[in-house]
Amino acid sequence: MLTKRINALSESITIAVSNLAQELKAQGKDILSFSAGEPDFDTPQVIKNTAIKAINDGFTKYTAVDGIPALKQAIIDKLQRENSLTYKPSQVIVNNGAKHSLFNLFSAIVEEGDEVIIPAPYWVTYPELVKYCGGTPIEIMTDDTSGFKMTPQQLKDAITPKTKMIVITSPSNPTGSVYTREELSALGKILEGTDIIVASDEMYEKLIYDGEFTSSAAVSEDMFKRTITINGLSKSVAMTGWRFGYMAAYREDIVKATKTLQSQSTSNINSITQKAAITGLDGSADKDIEMMRIEFKKRRDEAVKLFNAIEGLSVLSPAGAFYLFVNIKEVSNNSLQFSKDLLEKTGVAVVPGVGFGSEGYFRFSFATDIESIREGIKRIEEFVKTLR
């Protein structure tokens, strides 16, 4: 009775591991979970105050499908101020989280026979959305030696007449790698003369520890015209549960198509969230964002040092996001079994690399307190000793 497209979907491995860890913890077991992609900080008070005021003011009705004008203008202002990108209201749409932005975009663009290039390791949802829409994910493998970044030659070799889109994620989930302006420009050169669309997922842009962030659409006029910029406030502003994401594109026809889809599916996003998001975008929470970034950097540095001291494990220091992609190839060639045994024997939850398209690794989120990080890595070290 179920459709082929729904049967083609797999459950998110990150959510599955997080749910299992929560269940075990509820049973009274000593569980340390490093699986969730969620900041442990609370939403900044200034944003919560805006939401409370919106409720008290009765801002609780339906809004325009694509977002209230003030919020769309806040997005436009942010993109101009921080990313040197210029858009009109008709080129911006607000969604129920960036995952919703991606779902709408893929639904509007990808169909049977289309190919979508996705560098691996990748966020688990990308290939699933491609398959749901009838397309074929084309994975480009990267590893430690390339800093987990796709090269221009790899991109060139992967392009075929069926290529419809390429996904670029910077900073990356799960590796934390960040493309430089020069690297993005080089990738853009490969795409010149094609009709290939770039879906640029920039959710972690405020969480940069080394170097600077560059938006894909900002490196050239050609890239600006072909890039769909996807962002939100979940990660960098600790607003995961508020469900706010947005999409900005030079191609107004694409934005209009996703608006039509949204009008027949979810309609507008939560009205209170829209008001709160304005405060999250306009600079009012910048001090809170910087506080979180500094703390994440401290945790990153500590975790990288501790992991690289474990015989048999290694990890690159990520330039952004709040994940480590730990190499376990010296001790295991089965990241799923490794992660299951680790959880069962030590109570430590991590996400196997195979779920991100890269065997021989696990993802470790350092979006938690530093004492838990130290204790978790200590348990991992004891576990690894039993494998050598």
# chains A, B, ... in the order shown; residues from 1 in each chain; ligands from 1
call {"tool": "residues_around", "arguments": {"residues": "Leu207 (chain A)", "least_positions_apart": "6", "cutoff": "12 Å", "atoms": "only C-alpha atoms", "output": "PyMOL selection string"}}
result
chain A and resi 39+170-173+176-178+213+233-238+289-297+300+318-323+367
call {"tool": "write_last_selection", "arguments": {"atoms": "N, CA, C and O atoms", "output": "compact mmCIF listing (two decimals), in the first residue's frame"}}
result
# COMPACT_ATOMS: atom_id res chain seq x y z
N PRO A 39 22.99 22.44 20.00
CA PRO A 39 23.73 23.15 21.05
C PRO A 39 23.13 22.88 22.42
O PRO A 39 21.91 22.74 22.55
N SER A 170 29.07 24.01 3.98
CA SER A 170 30.23 24.64 4.59
C SER A 170 29.76 25.65 5.63
O SER A 170 29.00 26.57 5.29
N PRO A 171 30.17 25.46 6.90
CA PRO A 171 30.90 24.33 7.48
C PRO A 171 30.10 23.04 7.36
O PRO A 171 28.88 23.06 7.31
N SER A 172 30.84 21.93 7.37
CA SER A 172 30.23 20.63 7.11
C SER A 172 29.70 19.94 8.36
O SER A 172 30.30 20.02 9.42
N ASN A 173 28.59 19.31 8.20
CA ASN A 173 28.14 18.27 9.11
C ASN A 173 28.26 16.97 8.31
O ASN A 173 27.60 16.84 7.28
N GLY A 176 32.99 19.26 9.90
CA GLY A 176 33.42 20.59 10.32
C GLY A 176 34.33 21.28 9.33
O GLY A 176 34.86 22.36 9.61
N SER A 177 34.54 20.68 8.16
CA SER A 177 35.41 21.31 7.16
C SER A 177 34.74 22.56 6.59
O SER A 177 33.52 22.64 6.49
N VAL A 178 35.57 23.53 6.20
CA VAL A 178 35.08 24.81 5.69
C VAL A 178 35.81 25.12 4.39
O VAL A 178 37.04 25.13 4.33
N PHE A 213 34.41 32.60 7.02
CA PHE A 213 33.33 31.97 6.27
C PHE A 213 33.07 32.72 4.97
O PHE A 213 33.06 33.96 4.95
N LEU A 233 18.62 29.45 12.00
CA LEU A 233 19.16 29.89 13.29
C LEU A 233 19.32 28.75 14.29
O LEU A 233 19.70 28.98 15.44
N SER A 234 19.03 27.52 13.85
CA SER A 234 19.03 26.40 14.79
C SER A 234 20.37 26.20 15.49
O SER A 234 20.43 26.06 16.71
N LYS A 235 21.44 26.16 14.72
CA LYS A 235 22.74 25.77 15.28
C LYS A 235 23.48 26.94 15.92
O LYS A 235 23.92 26.86 17.07
N SER A 236 23.63 28.02 15.19
CA SER A 236 24.47 29.11 15.68
C SER A 236 23.78 29.99 16.73
O SER A 236 24.44 30.68 17.50
N VAL A 237 22.45 29.94 16.79
CA VAL A 237 21.72 30.78 17.74
C VAL A 237 20.92 29.92 18.71
O VAL A 237 20.07 30.41 19.44
N ALA A 238 21.19 28.61 18.72
CA ALA A 238 20.54 27.69 19.66
C ALA A 238 19.02 27.78 19.62
O ALA A 238 18.34 27.90 20.63
N ILE A 289 25.87 34.77 20.59
CA ILE A 289 26.42 33.89 19.55
C ILE A 289 27.93 33.77 19.70
O ILE A 289 28.50 32.67 19.62
N GLU A 290 28.60 34.89 19.96
CA GLU A 290 30.05 34.86 20.12
C GLU A 290 30.46 34.09 21.38
O GLU A 290 31.46 33.37 21.39
N MET A 291 29.68 34.23 22.45
CA MET A 291 29.96 33.48 23.67
C MET A 291 29.92 31.98 23.39
O MET A 291 30.80 31.23 23.82
N MET A 292 28.90 31.55 22.65
CA MET A 292 28.77 30.13 22.32
C MET A 292 29.93 29.67 21.43
O MET A 292 30.49 28.60 21.63
N ARG A 293 30.27 30.50 20.45
CA ARG A 293 31.37 30.13 19.55
C ARG A 293 32.69 29.94 20.30
O ARG A 293 33.42 28.97 20.07
N ILE A 294 32.97 30.85 21.21
CA ILE A 294 34.21 30.76 21.99
C ILE A 294 34.22 29.48 22.85
O ILE A 294 35.23 28.78 22.94
N GLU A 295 33.09 29.17 23.45
CA GLU A 295 33.01 27.97 24.28
C GLU A 295 33.15 26.71 23.43
O GLU A 295 33.83 25.75 23.82
N PHE A 296 32.51 26.69 22.27
CA PHE A 296 32.64 25.54 21.37
C PHE A 296 34.10 25.35 20.95
O PHE A 296 34.58 24.22 20.84
N LYS A 297 34.80 26.44 20.71
CA LYS A 297 36.21 26.35 20.32
C LYS A 297 37.05 25.71 21.43
O LYS A 297 37.92 24.87 21.16
N ARG A 300 36.29 22.08 21.33
CA ARG A 300 36.93 21.47 20.17
C ARG A 300 38.39 21.18 20.45
O ARG A 300 38.89 20.07 20.21
N PRO A 318 38.47 20.40 13.26
CA PRO A 318 37.51 21.04 12.35
C PRO A 318 37.58 22.56 12.42
O PRO A 318 37.73 23.13 13.49
N ALA A 319 37.45 23.19 11.28
CA ALA A 319 37.48 24.65 11.22
C ALA A 319 36.15 25.28 11.62
O ALA A 319 36.07 26.47 11.90
N GLY A 320 35.08 24.46 11.62
CA GLY A 320 33.76 24.99 11.96
C GLY A 320 32.83 23.92 12.48
O GLY A 320 33.21 22.77 12.68
N ALA A 321 31.56 24.31 12.72
CA ALA A 321 30.50 23.43 13.25
C ALA A 321 30.88 22.95 14.66
O ALA A 321 31.75 23.51 15.31
N PHE A 322 30.22 21.88 15.14
CA PHE A 322 30.60 21.36 16.46
C PHE A 322 30.66 19.83 16.46
O PHE A 322 30.13 19.15 17.33
N TYR A 323 31.35 19.31 15.43
CA TYR A 323 31.54 17.87 15.31
C TYR A 323 33.00 17.52 15.07
O TYR A 323 33.74 18.28 14.43
N ALA A 367 28.95 19.49 21.31
CA ALA A 367 27.96 20.48 21.75
C ALA A 367 27.41 20.09 23.11
O ALA A 367 26.19 19.99 23.32
call {"tool": "atom_distance", "arguments": {"atom1": "CA of Ala8 (chain A)", "atom2": "CA of Thr125 (chain A)"}}
result
12.5 Å
call {"tool": "residues_around", "arguments": {"residues": "Tyr361 (chain A)", "least_positions_apart": "3", "cutoff": "7 Å", "atoms": "only C-alpha atoms", "output": "list in words"}}
result
Phe325, Val326, Asn327, Ile328, Ser335, Pro352, Gly353 and Ser358 of chain A
call {"tool": "select_by_dssp", "arguments": {"residues": "region 30-264 of chain A", "states": "alpha helix (DSSP H)", "output": "PyMOL selection string"}}
result
chain A and resi 45-56+69-83+98-109+125-132+152-158+181-191+221-226+252-263
call {"tool": "select_by_dssp", "arguments": {"residues": "region 97-133 of chain A", "states": "strand (DSSP E or B)", "output": "PyMOL selection string"}}
result
chain A and resi 115-120
call {"tool": "atom_distance", "arguments": {"atom1": "CA of Phe41 (chain A)", "atom2": "CA of Phe364 (chain A)"}}
result
17.4 Å
call {"tool": "atom_distance", "arguments": {"atom1": "CA of Ser284 (chain A)", "atom2": "CA of Thr240 (chain A)"}}
result
18.1 Å
call {"tool": "closest_residue", "arguments": {"among": "A:Gly245, A:Ile269, A:Glu11, A:Asp30", "to": "Thr60 (chain A)", "atoms": "only C-alpha atoms"}}
result
A:Ile269
call {"tool": "closest_atom_pairs", "arguments": {"of": "region 246-347 of chain A", "to": "region 217-227 of chain A", "cutoff": "9 Å", "atoms": "only C-alpha atoms", "output": "Markdown table"}}
result
| residue | atom | partner | partner_atom | distance |
| --- | --- | --- | --- | --- |
| A:Ala248 | CA | A:Thr227 | CA | 8.6 |
| A:Ala249 | CA | A:Thr227 | CA | 6.5 |
| A:Tyr250 | CA | A:Lys225 | CA | 5.3 |
| A:Arg251 | CA | A:Lys225 | CA | 6.9 |
call {"tool": "closest_residue", "arguments": {"among": "A:Leu105, A:Val94, A:Ile370, A:Leu32", "to": "Ile254 (chain A)", "atoms": "only C-alpha atoms"}}
result
A:Leu105
